[in-house]
$ cat query_8.cif   # mmCIF, C-alpha atoms and all ligand atoms
data_input
#
loop_
_atom_site.label_atom_id
_atom_site.label_comp_id
_atom_site.auth_asym_id
_atom_site.auth_seq_id
_atom_site.Cartn_x
_atom_site.Cartn_y
_atom_site.Cartn_z
CA MET A 1 81.34 105.43 63.49
CA MET A 2 82.51 103.34 60.55
CA TRP A 3 82.57 100.22 62.74
CA SER A 4 79.08 100.78 64.08
CA VAL A 5 77.76 101.06 60.52
CA ILE A 6 79.49 97.81 59.56
CA ILE A 7 78.19 95.99 62.66
CA LEU A 8 74.66 97.28 62.00
CA CYS A 9 74.81 96.03 58.40
CA VAL A 10 75.94 92.59 59.55
CA LEU A 11 73.20 92.39 62.15
CA LEU A 12 70.36 93.48 59.89
CA PRO A 13 68.66 90.50 58.22
CA LEU A 14 68.53 90.72 54.46
CA SER A 15 64.81 90.22 54.17
CA ILE A 16 62.85 91.48 57.11
CA GLY A 17 59.87 89.37 58.15
CA LEU A 18 57.39 89.47 61.00
CA ASP A 19 59.43 88.14 63.90
CA ASN A 20 56.97 86.70 66.40
CA GLY A 21 58.61 83.28 66.30
CA LEU A 22 55.54 81.67 64.67
CA ALA A 23 54.96 79.80 61.40
CA ARG A 24 58.55 78.61 61.01
CA THR A 25 56.99 76.06 58.65
CA PRO A 26 53.65 76.69 56.89
CA PRO A 27 50.81 76.27 59.39
CA MET A 28 48.27 73.44 59.24
CA GLY A 29 44.77 73.20 60.60
CA TRP A 30 41.05 73.25 59.91
CA MET A 31 38.98 76.30 58.94
CA SER A 32 35.22 76.57 58.91
CA TRP A 33 34.71 78.83 55.89
CA GLU A 34 34.78 76.82 52.68
CA ARG A 35 32.65 73.96 53.96
CA PHE A 36 30.35 75.60 56.52
CA ARG A 37 30.23 79.21 55.27
CA CYS A 38 27.92 81.57 57.12
CA ASN A 39 25.39 78.98 58.22
CA THR A 40 23.91 80.53 61.34
CA ASP A 41 20.64 78.62 61.28
CA CYS A 42 21.08 76.47 64.37
CA LYS A 43 17.32 76.00 64.69
CA ASN A 44 16.89 74.14 61.42
CA ASP A 45 20.41 72.90 60.89
CA PRO A 46 21.94 72.40 64.34
CA HIS A 47 24.51 69.91 63.07
CA ASN A 48 26.13 72.29 60.58
CA CYS A 49 25.70 75.82 61.88
CA ILE A 50 28.65 77.97 63.02
CA GLY A 51 28.53 77.54 66.77
CA ALA A 52 30.08 75.90 69.82
CA ASN A 53 28.89 72.40 68.92
CA LEU A 54 30.39 72.35 65.46
CA LEU A 55 33.76 73.63 66.68
CA MET A 56 33.94 71.27 69.65
CA GLN A 57 32.98 68.28 67.53
CA MET A 58 35.64 69.20 64.98
CA ALA A 59 38.17 69.53 67.83
CA ASP A 60 37.29 65.98 68.90
CA ARG A 61 37.80 64.62 65.43
CA MET A 62 41.12 66.44 64.99
CA ALA A 63 42.40 65.17 68.33
CA GLU A 64 41.11 61.59 68.04
CA ASP A 65 41.41 60.76 64.35
CA GLY A 66 45.08 61.48 63.77
CA TYR A 67 44.89 65.00 62.28
CA LEU A 68 46.53 66.75 65.22
CA GLU A 69 49.22 64.11 65.36
CA ALA A 70 49.87 64.64 61.64
CA GLY A 71 50.41 68.38 62.25
CA TYR A 72 46.96 69.97 61.76
CA GLU A 73 47.04 72.01 64.95
CA TYR A 74 44.90 75.13 64.41
CA LEU A 75 41.12 74.95 64.61
CA SER A 76 39.92 78.19 63.08
CA VAL A 77 36.46 79.71 63.06
CA ASP A 78 35.78 82.07 60.18
CA ASP A 79 33.22 84.81 59.62
CA CYS A 80 29.79 84.87 61.33
CA TRP A 81 30.79 83.82 64.86
CA MET A 82 29.80 87.16 66.34
CA ALA A 83 26.65 88.84 67.51
CA LYS A 84 25.60 91.53 65.06
CA GLU A 85 26.45 94.29 67.54
CA ARG A 86 29.28 94.96 69.97
CA SER A 87 28.52 95.22 73.68
CA GLN A 88 27.69 98.61 75.17
CA MET A 89 31.29 98.79 76.32
CA GLY A 90 32.39 98.30 72.70
CA THR A 91 33.80 94.80 73.09
CA LEU A 92 33.23 91.99 70.60
CA VAL A 93 30.48 89.59 71.60
CA THR A 94 29.99 86.00 70.49
CA ASP A 95 26.49 85.17 69.22
CA PRO A 96 24.76 84.18 72.48
CA GLU A 97 22.52 81.49 71.01
CA ARG A 98 25.10 79.68 68.97
CA PHE A 99 27.79 80.05 71.66
CA PRO A 100 25.74 79.81 74.89
CA ASN A 101 28.85 79.78 77.11
CA GLY A 102 30.80 82.34 75.11
CA MET A 103 33.93 81.91 73.01
CA LYS A 104 36.36 81.44 75.88
CA ALA A 105 34.63 78.22 76.93
CA VAL A 106 35.00 76.85 73.39
CA ILE A 107 38.64 77.91 73.22
CA ASP A 108 39.34 76.30 76.62
CA TYR A 109 37.84 73.09 75.27
CA VAL A 110 39.88 73.27 72.06
CA HIS A 111 43.03 73.80 74.12
CA SER A 112 42.12 70.89 76.38
CA ARG A 113 42.21 68.72 73.26
CA GLY A 114 45.76 69.86 72.54
CA LEU A 115 44.81 72.16 69.66
CA LYS A 116 45.30 75.86 69.00
CA PHE A 117 42.44 78.21 68.20
CA GLY A 118 42.08 80.65 65.30
CA ILE A 119 39.53 83.47 65.08
CA TYR A 120 38.40 85.82 62.31
CA GLY A 121 38.21 89.61 62.02
CA SER A 122 38.40 92.31 59.38
CA VAL A 123 40.30 95.56 58.87
CA GLY A 124 37.13 97.46 57.93
CA ASN A 125 34.14 98.32 60.07
CA LYS A 126 32.24 95.23 58.89
CA THR A 127 33.34 91.71 58.00
CA CYS A 128 32.54 90.36 54.54
CA LYS A 129 29.24 89.01 55.88
CA GLY A 130 28.29 92.19 57.72
CA TYR A 131 29.38 91.35 61.28
CA PRO A 132 31.32 93.89 63.36
CA GLY A 133 34.77 94.65 61.90
CA ASN A 134 37.80 95.71 63.92
CA LYS A 135 38.21 99.27 62.64
CA TYR A 136 38.52 101.78 65.51
CA HIS A 137 38.60 98.90 68.04
CA MET A 138 41.84 97.12 67.26
CA ALA A 139 43.64 97.55 70.59
CA ARG A 140 40.59 96.45 72.54
CA ASP A 141 39.88 93.51 70.21
CA ALA A 142 43.47 92.25 70.29
CA ALA A 143 43.24 92.30 74.09
CA THR A 144 39.93 90.41 73.97
CA TYR A 145 41.42 87.74 71.70
CA ALA A 146 44.40 87.31 74.01
CA GLU A 147 42.15 87.14 77.07
CA TRP A 148 40.13 84.39 75.41
CA GLY A 149 43.30 82.46 74.51
CA VAL A 150 43.23 82.94 70.74
CA ASP A 151 46.33 81.60 68.93
CA MET A 152 45.72 82.84 65.38
CA LEU A 153 43.85 85.70 63.73
CA LYS A 154 42.61 85.56 60.15
CA PHE A 155 42.36 89.27 59.39
CA ASP A 156 40.28 89.89 56.30
CA CYS A 157 40.13 92.88 54.03
CA CYS A 158 36.41 93.57 53.72
CA ASN A 159 35.17 97.15 53.54
CA PRO A 160 38.79 98.24 53.86
CA GLY A 161 38.69 102.04 53.42
CA PRO A 162 41.68 104.04 52.16
CA ASN A 163 44.10 103.37 55.05
CA PHE A 164 43.87 99.63 55.10
CA VAL A 165 47.65 99.06 54.94
CA THR A 166 48.08 100.97 58.19
CA GLY A 167 45.17 98.97 59.62
CA PHE A 168 46.96 95.68 58.95
CA GLU A 169 50.17 97.02 60.47
CA GLN A 170 48.33 98.34 63.54
CA MET A 171 46.47 95.11 64.17
CA GLY A 172 49.76 93.19 63.99
CA ASN A 173 51.32 95.58 66.51
CA TYR A 174 48.38 95.25 68.89
CA LEU A 175 48.55 91.47 68.66
CA ASN A 176 52.26 91.60 69.51
CA LYS A 177 51.61 93.94 72.40
CA THR A 178 49.32 91.40 74.06
CA GLY A 179 52.39 89.26 74.70
CA ARG A 180 50.48 86.19 73.52
CA PRO A 181 51.90 84.46 70.41
CA ILE A 182 49.13 84.96 67.85
CA LEU A 183 49.75 83.81 64.30
CA TYR A 184 48.73 86.61 61.97
CA ASN A 185 47.06 85.43 58.76
CA CYS A 186 46.17 88.48 56.73
CA ALA A 187 44.49 89.29 53.45
CA LEU A 188 46.71 92.32 52.88
CA ALA A 189 48.14 91.06 49.58
CA ILE A 190 44.65 90.65 48.10
CA CYS A 191 43.67 94.16 49.10
CA MET A 192 46.81 95.74 47.64
CA GLY A 193 45.85 94.34 44.21
CA PRO A 194 48.34 94.80 41.37
CA LYS A 195 50.34 97.27 43.47
CA VAL A 196 51.13 94.57 46.03
CA ASP A 197 54.48 94.89 47.76
CA TYR A 198 55.26 91.42 49.07
CA ASN A 199 58.22 92.60 51.17
CA LEU A 200 55.85 94.84 53.09
CA VAL A 201 53.28 92.06 53.39
CA LYS A 202 55.91 89.71 54.79
CA LYS A 203 56.96 92.36 57.30
CA TYR A 204 53.45 92.51 58.75
CA CYS A 205 51.99 89.01 58.36
CA ASN A 206 52.84 85.35 59.05
CA THR A 207 50.67 84.17 56.17
CA TRP A 208 48.86 86.12 53.50
CA ARG A 209 46.15 85.25 51.03
CA ASN A 210 46.99 86.66 47.62
CA TYR A 211 44.27 85.34 45.33
CA GLU A 212 40.52 84.85 45.17
CA ASP A 213 38.56 82.51 47.42
CA VAL A 214 38.66 78.80 46.67
CA GLU A 215 35.29 77.18 46.08
CA ASP A 216 34.32 73.54 45.90
CA ASN A 217 34.96 73.30 42.18
CA TRP A 218 37.98 72.26 40.08
CA LYS A 219 37.96 75.54 38.14
CA TYR A 220 38.75 77.50 41.30
CA VAL A 221 41.55 75.17 42.34
CA PHE A 222 42.94 75.30 38.81
CA ASN A 223 42.90 79.13 38.71
CA ILE A 224 44.81 79.30 41.99
CA ILE A 225 47.44 76.90 40.60
CA GLU A 226 47.75 79.10 37.49
CA PHE A 227 48.18 82.20 39.63
CA TYR A 228 50.92 80.52 41.65
CA GLY A 229 52.48 79.13 38.49
CA LYS A 230 52.76 82.64 37.04
CA ASN A 231 54.36 83.76 40.32
CA ASP A 232 53.97 87.44 39.52
CA LYS A 233 56.51 89.61 41.39
CA ASN A 234 58.23 86.38 42.51
CA PHE A 235 56.01 86.02 45.54
CA LEU A 236 57.04 82.38 45.94
CA GLU A 237 60.65 83.44 46.48
CA ILE A 238 59.59 85.85 49.21
CA ALA A 239 58.06 83.06 51.32
CA GLY A 240 60.14 81.41 54.02
CA PRO A 241 60.17 80.63 57.75
CA GLY A 242 57.83 83.10 59.45
CA GLY A 243 55.95 84.20 56.30
CA TRP A 244 54.03 82.17 53.70
CA ASN A 245 51.73 82.73 50.72
CA ASP A 246 48.31 81.29 51.45
CA ALA A 247 46.63 79.61 48.48
CA ASP A 248 43.43 79.21 50.56
CA GLN A 249 41.73 76.18 52.10
CA LEU A 250 41.94 72.58 50.95
CA ILE A 251 38.69 71.21 49.58
CA VAL A 252 39.90 67.64 49.92
CA GLY A 253 36.99 65.46 51.08
CA ASP A 254 34.25 67.88 50.00
CA PHE A 255 31.76 67.39 47.19
CA SER A 256 33.18 68.10 43.80
CA LEU A 257 36.81 67.12 43.19
CA SER A 258 37.74 63.68 41.89
CA ALA A 259 40.11 61.66 44.08
CA ALA A 260 42.99 62.53 41.73
CA GLN A 261 42.13 66.24 41.74
CA GLN A 262 42.26 66.17 45.53
CA GLN A 263 45.78 64.72 45.26
CA THR A 264 46.67 67.49 42.83
CA GLN A 265 45.45 70.17 45.21
CA ILE A 266 47.24 68.95 48.33
CA GLY A 267 50.36 67.92 46.38
CA LEU A 268 50.80 71.33 44.76
CA TRP A 269 49.88 73.18 47.98
CA ALA A 270 52.70 71.19 49.63
CA ILE A 271 55.15 72.16 46.89
CA MET A 272 54.04 75.82 47.05
CA ALA A 273 54.46 75.76 50.86
CA SER A 274 50.98 77.17 51.31
CA PRO A 275 49.32 76.71 54.71
CA LEU A 276 47.20 73.55 54.74
CA PHE A 277 43.82 74.34 56.23
CA MET A 278 41.29 71.57 55.68
CA SER A 279 37.69 72.69 55.30
CA VAL A 280 35.72 69.50 55.38
CA ASP A 281 33.27 67.79 57.69
CA LEU A 282 35.66 65.56 59.64
CA ARG A 283 32.70 63.77 61.23
CA ASN A 284 31.84 61.97 58.03
CA ILE A 285 34.84 62.29 55.74
CA VAL A 286 35.38 59.39 53.32
CA PRO A 287 38.38 57.17 54.14
CA THR A 288 40.29 57.95 50.92
CA ALA A 289 40.17 61.71 51.59
CA LYS A 290 41.19 61.17 55.21
CA GLN A 291 44.12 59.02 54.10
CA LEU A 292 45.20 61.70 51.67
CA LEU A 293 45.05 64.46 54.29
CA LEU A 294 47.17 62.28 56.57
CA ASN A 295 49.66 61.20 53.88
CA LYS A 296 53.00 61.46 55.69
CA GLU A 297 55.11 61.87 52.56
CA VAL A 298 53.02 64.77 51.26
CA LEU A 299 53.11 66.43 54.67
CA ALA A 300 56.88 65.90 54.92
CA ILE A 301 57.31 67.88 51.69
CA HIS A 302 55.01 70.56 53.05
CA GLN A 303 56.80 70.85 56.39
CA ASP A 304 60.32 70.55 55.00
CA SER A 305 62.80 72.36 57.22
CA LEU A 306 64.64 74.18 54.41
CA GLY A 307 61.52 76.31 54.18
CA ILE A 308 61.87 77.09 50.47
CA ALA A 309 58.65 77.29 48.47
CA GLY A 310 58.71 75.43 45.17
CA ARG A 311 57.85 76.99 41.86
CA ARG A 312 56.85 76.14 38.34
CA ILE A 313 59.88 75.61 36.16
CA TRP A 314 58.25 75.02 32.79
CA ASN A 315 54.80 75.31 31.33
CA ILE A 316 53.40 74.14 28.02
CA ASP A 317 50.06 75.69 27.27
CA ASP A 318 49.22 75.02 23.64
CA HIS A 319 46.11 73.62 22.09
CA ALA A 320 46.89 69.91 22.49
CA VAL A 321 49.34 69.85 25.38
CA LYS A 322 48.80 71.55 28.69
CA LEU A 323 51.51 70.38 31.01
CA GLU A 324 53.70 71.95 33.67
CA SER A 325 56.44 70.97 36.06
CA TRP A 326 57.19 72.17 39.59
CA LEU A 327 60.26 71.82 41.77
CA ARG A 328 60.75 72.35 45.52
CA PRO A 329 64.19 71.95 47.15
CA LEU A 330 64.09 69.71 50.21
CA SER A 331 66.39 68.83 53.07
CA PRO A 332 68.80 67.14 53.36
CA LYS A 333 70.27 69.35 50.67
CA GLY A 334 70.12 67.93 47.16
CA ARG A 335 66.69 66.31 47.40
CA TYR A 336 63.74 67.77 45.55
CA ALA A 337 60.01 67.40 45.29
CA VAL A 338 59.05 67.15 41.62
CA GLY A 339 55.47 67.77 40.55
CA ILE A 340 54.34 67.23 36.96
CA PHE A 341 50.78 68.33 36.35
CA ASN A 342 48.63 67.48 33.33
CA LYS A 343 46.29 70.46 33.23
CA ASN A 344 44.35 69.23 30.24
CA VAL A 345 40.72 68.40 30.93
CA GLY A 346 40.28 66.42 27.69
CA GLY A 347 40.18 62.65 27.91
CA LEU A 348 43.68 61.67 26.82
CA LEU A 349 46.60 60.70 29.00
CA GLN A 350 49.58 62.98 28.44
CA THR A 351 52.96 61.40 27.78
CA VAL A 352 55.84 63.07 29.58
CA ASN A 353 59.34 62.39 28.29
CA ARG A 354 61.82 64.61 30.09
CA THR A 355 65.44 64.26 31.13
CA MET A 356 66.43 64.89 34.74
CA SER A 357 68.09 68.13 33.62
CA GLN A 358 64.86 69.21 31.94
CA LEU A 359 63.08 68.66 35.24
CA GLY A 360 65.48 71.15 36.83
CA LEU A 361 67.69 68.58 38.58
CA THR A 362 71.45 69.17 38.58
CA ASP A 363 73.36 66.55 40.62
CA GLU A 364 75.88 64.93 38.29
CA ASN A 365 75.50 61.52 39.95
CA GLY A 366 71.88 61.40 38.82
CA TYR A 367 68.72 60.61 40.78
CA THR A 368 66.26 58.01 41.93
CA MET A 369 62.63 59.01 42.29
CA LYS A 370 59.73 57.79 44.32
CA GLU A 371 56.22 58.75 43.29
CA ILE A 372 54.17 59.47 46.36
CA PHE A 373 50.60 58.58 45.45
CA THR A 374 51.44 55.24 43.79
CA GLY A 375 54.60 54.34 45.72
CA ILE A 376 56.34 53.46 42.42
CA SER A 377 60.12 53.92 42.28
CA TYR A 378 61.88 55.26 39.17
CA GLY A 379 65.53 55.30 38.15
CA PRO A 380 68.35 55.53 38.84
CA TYR A 381 68.66 58.07 36.06
CA LYS A 382 71.68 59.99 34.80
CA LEU A 383 71.03 63.68 34.22
CA SER A 384 70.60 62.99 30.51
CA ASP A 385 68.22 60.04 31.10
CA SER A 386 64.51 60.57 30.63
CA LEU A 387 61.61 59.97 32.93
CA VAL A 388 58.86 58.58 30.71
CA ILE A 389 55.40 58.53 32.25
CA ARG A 390 51.78 59.00 31.23
CA ILE A 391 49.58 61.29 33.33
CA PRO A 392 45.76 61.32 33.18
CA PRO A 393 43.93 64.66 32.84
CA THR A 394 44.04 66.95 35.92
CA ASN A 395 46.37 64.50 37.71
CA LEU A 396 49.65 65.27 39.42
CA PHE A 397 52.74 63.08 39.36
CA LEU A 398 54.40 63.91 42.68
CA ALA A 399 57.80 62.43 43.44
CA VAL A 400 60.75 62.97 45.72
CA ALA A 401 64.02 62.92 43.77
CA THR A 402 67.09 61.82 45.74
CA PRO A 403 70.64 62.14 44.35
CA VAL A 404 72.39 58.86 43.72
CA THR A 405 75.19 58.43 46.30
CA GLU A 406 78.81 57.63 45.39
CA LYS A 407 78.29 54.06 46.61
CA GLU A 408 75.19 53.52 44.48
CA LEU A 409 77.02 55.04 41.54
CA ILE A 410 79.43 52.08 41.35
CA VAL A 411 76.51 49.70 40.80
CA PHE A 412 74.65 52.13 38.49
C1 LIG B 501 36.44 86.53 52.35
C2 LIG B 501 37.61 85.56 52.57
C3 LIG B 501 37.09 84.16 52.80
C4 LIG B 501 36.14 84.16 53.99
C5 LIG B 501 35.02 85.16 53.76
C6 LIG B 501 34.14 85.31 54.98
O1 LIG B 501 35.77 86.26 51.16
O2 LIG B 501 38.49 85.59 51.47
O3 LIG B 501 38.17 83.27 53.02
O4 LIG B 501 36.86 84.47 55.15
O5 LIG B 501 35.53 86.44 53.44
O6 LIG B 501 33.11 86.23 54.80
#

$ encode --input "query_8.cif" --output "structure tokens"
Amino acid sequence: MMWSVIILCVLLPLSIGLDNGLARTPPMGWMSWERFRCNTDCKNDPHNCIGANLLMQMADRMAEDGYLEAGYEYLSVDDCWMAKERSQMGTLVTDPERFPNGMKAVIDYVHSRGLKFGIYGSVGNKTCKGYPGNKYHMARDAATYAEWGVDMLKFDCCNPGPNFVTGFEQMGNYLNKTGRPILYNCALAICMGPKVDYNLVKKYCNTWRNYEDVEDNWKYVFNIIEFYGKNDKNFLEIAGPGGWNDADQLIVGDFSLSAAQQQTQIGLWAIMASPLFMSVDLRNIVPTAKQLLLNKEVLAIHQDSLGIAGRRIWNIDDHAVKLESWLRPLSPKGRYAVGIFNKNVGGLLQTVNRTMSQLGLTDENGYTMKEIFTGISYGPYKLSDSLVIRIPPTNLFLAVATPVTEKELIVF
């Protein structure tokens, strides 16, 4: 008896996560929502409406322009893909005009381009935009998704009703029962509000939104960064292989962020280990935004195999100085991503003068640093040496810090 208890304790993982083998690193892809919303007007706006053409054209761009190769593998349609009513049999139906050959034909095409396909549903009886929700139909809908070849479900929390937690758990179980690996992106943490239990969320979901929707506006990006900086209930520590906090879509390449603010968004999303879902028109994206989305060093931080989300380690928020610093441990062990963010929106550059120790670094041999957006190298620095830089408003200094090796130490 005693032995069986001991063996059981050894076998039980310390933190239990959804074990469907997916999302070992934070997922990457493209999602229709932020950029294309609920545009269903294919008569007047055929180029931009949610339909087969838009999705297939985006699949072409992802496959041919380097995005898939860089790791963006999920092409995900959001709300408004459905007909307003289910079929007489109760199954979900794709809007027949916008998807003349049905969803399976689109998904087959997306797969033929080497991509995976994500779809959208909701725990309530309606989606946020009033299309059929999954309530009372979850088993049937999970089977439909699997039959169509869906690889990811974004499960929203619109019109949730009192038993929404059970709804999220049930949908996850039905997805698993299909036998098809379907990444489960759920809005459970948002719905739970201040009572959120992140251990429960991680048990049910591969990724979970936990804050408001991003919009194409710096203020929204900034508020998300603040929320993640505060890290209430230590949600960043709960993330890891199989389960990630989702800070919402990237708006890199859209209308309103400056080039530097786009770097700040993707750089901090990489440090926070949030999924990276672009939401931009890849058919006419400007070259600088494309380059940023494909930046190998940023994506290497994001996909780092240690699977530890970074967090804010200090934050100055007074009248004149608004500055914060982030740290994410990287493999091989001892390396770190360092992000220093000038959150001030006033016109002055902010001087940063911080020792390696103050940046959270601890290797006694000291560090060299390489800033990713400029390619500039810094150091070597002893732990007591200071990095002195000047950061423009809303910009991010993003560097990889590598410990100085014994050999380098002799020269240093
Ligand atoms: C919610 C979600 C968004 C999007 C819309 C669709 O607001 O948070 O990401 O899916 O619903 O209606």

$ closest_atom_pairs --input "query_8.cif" --of "chain A" --to "ligand LIG 501 (chain B)" --cutoff "7 Å" --atoms "all atoms listed in the file" --output "JSON lines"
{"residue": "A:Trp33", "atom": "CA", "partner": "B:LIG501", "partner_atom": "C4", "distance": 5.8}
{"residue": "A:Asp78", "atom": "CA", "partner": "B:LIG501", "partner_atom": "O4", "distance": 5.7}
{"residue": "A:Asp79", "atom": "CA", "partner": "B:LIG501", "partner_atom": "C6", "distance": 4.8}
{"residue": "A:Thr127", "atom": "CA", "partner": "B:LIG501", "partner_atom": "O6", "distance": 6.4}
{"residue": "A:Cys128", "atom": "CA", "partner": "B:LIG501", "partner_atom": "O6", "distance": 4.2}
{"residue": "A:Lys129", "atom": "CA", "partner": "B:LIG501", "partner_atom": "O6", "distance": 4.9}
{"residue": "A:Asp156", "atom": "CA", "partner": "B:LIG501", "partner_atom": "C2", "distance": 6.3}
{"residue": "A:Glu212", "atom": "CA", "partner": "B:LIG501", "partner_atom": "O2", "distance": 6.7}
{"residue": "A:Asp213", "atom": "CA", "partner": "B:LIG501", "partner_atom": "O2", "distance": 5.1}

$ write_last_selection --input "query_8.cif" --atoms "C-alpha atoms" --output "CSV table (one decimal), keeping the file's coordinate frame"
chain,number,residue,atom,x,y,z
A,33,TRP,CA,34.7,78.8,55.9
A,78,ASP,CA,35.8,82.1,60.2
A,79,ASP,CA,33.2,84.8,59.6
A,127,THR,CA,33.3,91.7,58.0
A,128,CYS,CA,32.5,90.4,54.5
A,129,LYS,CA,29.2,89.0,55.9
A,156,ASP,CA,40.3,89.9,56.3
A,212,GLU,CA,40.5,84.8,45.2
A,213,ASP,CA,38.6,82.5,47.4

$ residues_around --input "query_8.cif" --residues "A:Ile251" --least-positions-apart "6" --cutoff "10 Å" --atoms "all atoms listed in the file" --output "CSV table (one decimal) with C-alpha atoms, in the coordinates of the input"
chain,number,residue,atom,x,y,z
A,34,GLU,CA,34.8,76.8,52.7
A,35,ARG,CA,32.6,74.0,54.0
A,214,VAL,CA,38.7,78.8,46.7
A,215,GLU,CA,35.3,77.2,46.1
A,216,ASP,CA,34.3,73.5,45.9
A,217,ASN,CA,35.0,73.3,42.2
A,218,TRP,CA,38.0,72.3,40.1
A,221,VAL,CA,41.6,75.2,42.3
A,257,LEU,CA,36.8,67.1,43.2
A,261,GLN,CA,42.1,66.2,41.7
A,262,GLN,CA,42.3,66.2,45.5
A,265,GLN,CA,45.4,70.2,45.2
A,266,ILE,CA,47.2,69.0,48.3
A,277,PHE,CA,43.8,74.3,56.2
A,278,MET,CA,41.3,71.6,55.7
A,279,SER,CA,37.7,72.7,55.3
A,280,VAL,CA,35.7,69.5,55.4
A,289,ALA,CA,40.2,61.7,51.6

$ atom_distance --input "query_8.cif" --atom1 "atom CA of A:Arg24" --atom2 "atom CA of A:Phe373"
26.6 Å

$ residues_near_point --input "query_8.cif" --point "(47.3, 59.7, 25.9)" --cutoff "10 Å" --atoms "all atoms listed in the file" --output "PyMOL selection string"
chain A and resi 346-352+390-393

$ closest_residue --input "query_8.cif" --among "A:Ile271, A:Ala70, A:Ala63, A:Leu276" --to "A:Trp30" --atoms "all atoms listed in the file"
A:Leu276

$ closest_residue --input "query_8.cif" --among "A:Phe255, A:Tyr211, A:Phe164, A:Tyr204" --to "A:Gly242" --atoms "only C-alpha atoms"
A:Tyr204

$ closest_residue --input "query_8.cif" --among "A:Asn395, A:Thr166, A:Ser331, A:Ser386" --to "A:Gly267" --atoms "all atoms listed in the file"
A:Asn395

$ closest_residue --input "query_8.cif" --among "A:Asp197, A:Asp246, A:Glu324, A:Asp318" --to "A:Gly229" --atoms "all atoms listed in the file"
A:Glu324

$ closest_residue --input "query_8.cif" --among "A:Lys154, A:Lys219, A:Arg328, A:Lys322" --to "A:Leu175" --atoms "all atoms listed in the file"
A:Lys154

$ closest_residue --input "query_8.cif" --among "A:Leu359, A:Leu18, A:Val123, A:Leu153" --to "A:Val77" --atoms "all atoms listed in the file"
A:Leu153

$ residues_around --input "query_8.cif" --residues "stretch 134-148 of chain A" --least-positions-apart "2" --cutoff "9 Å" --atoms "only C-alpha atoms" --output "number ranges by chain"
A: 90-92, 103-105, 107-108, 119, 121-127, 132, 150-151, 153, 160, 167, 170-182

$ residues_around --input "query_8.cif" --residues "A:Thr402" --least-positions-apart "4" --cutoff "10 Å" --atoms "all atoms listed in the file" --output "MDAnalysis selection string"
chainID A and resid 330 332:337 361 363 366:370 380

$ residues_around --input "query_8.cif" --residues "A:Pro241" --least-positions-apart "2" --cutoff "7 Å" --atoms "all atoms listed in the file" --output "PyMOL selection string"
chain A and resi 23-25+243+307

$ axis_aligned_box --input "query_8.cif" --around "stretch 242-253 of chain A" --padding-each-side "6 Å" --output "JSON"
{"center_x": 47.4, "center_y": 74.8, "center_z": 54.0, "size_x": 32.8, "size_y": 30.7, "size_z": 23.0}

$ atom_distance --input "query_8.cif" --atom1 "atom CA of A:Leu387" --atom2 "atom CA of A:Glu406"
21.4 Å
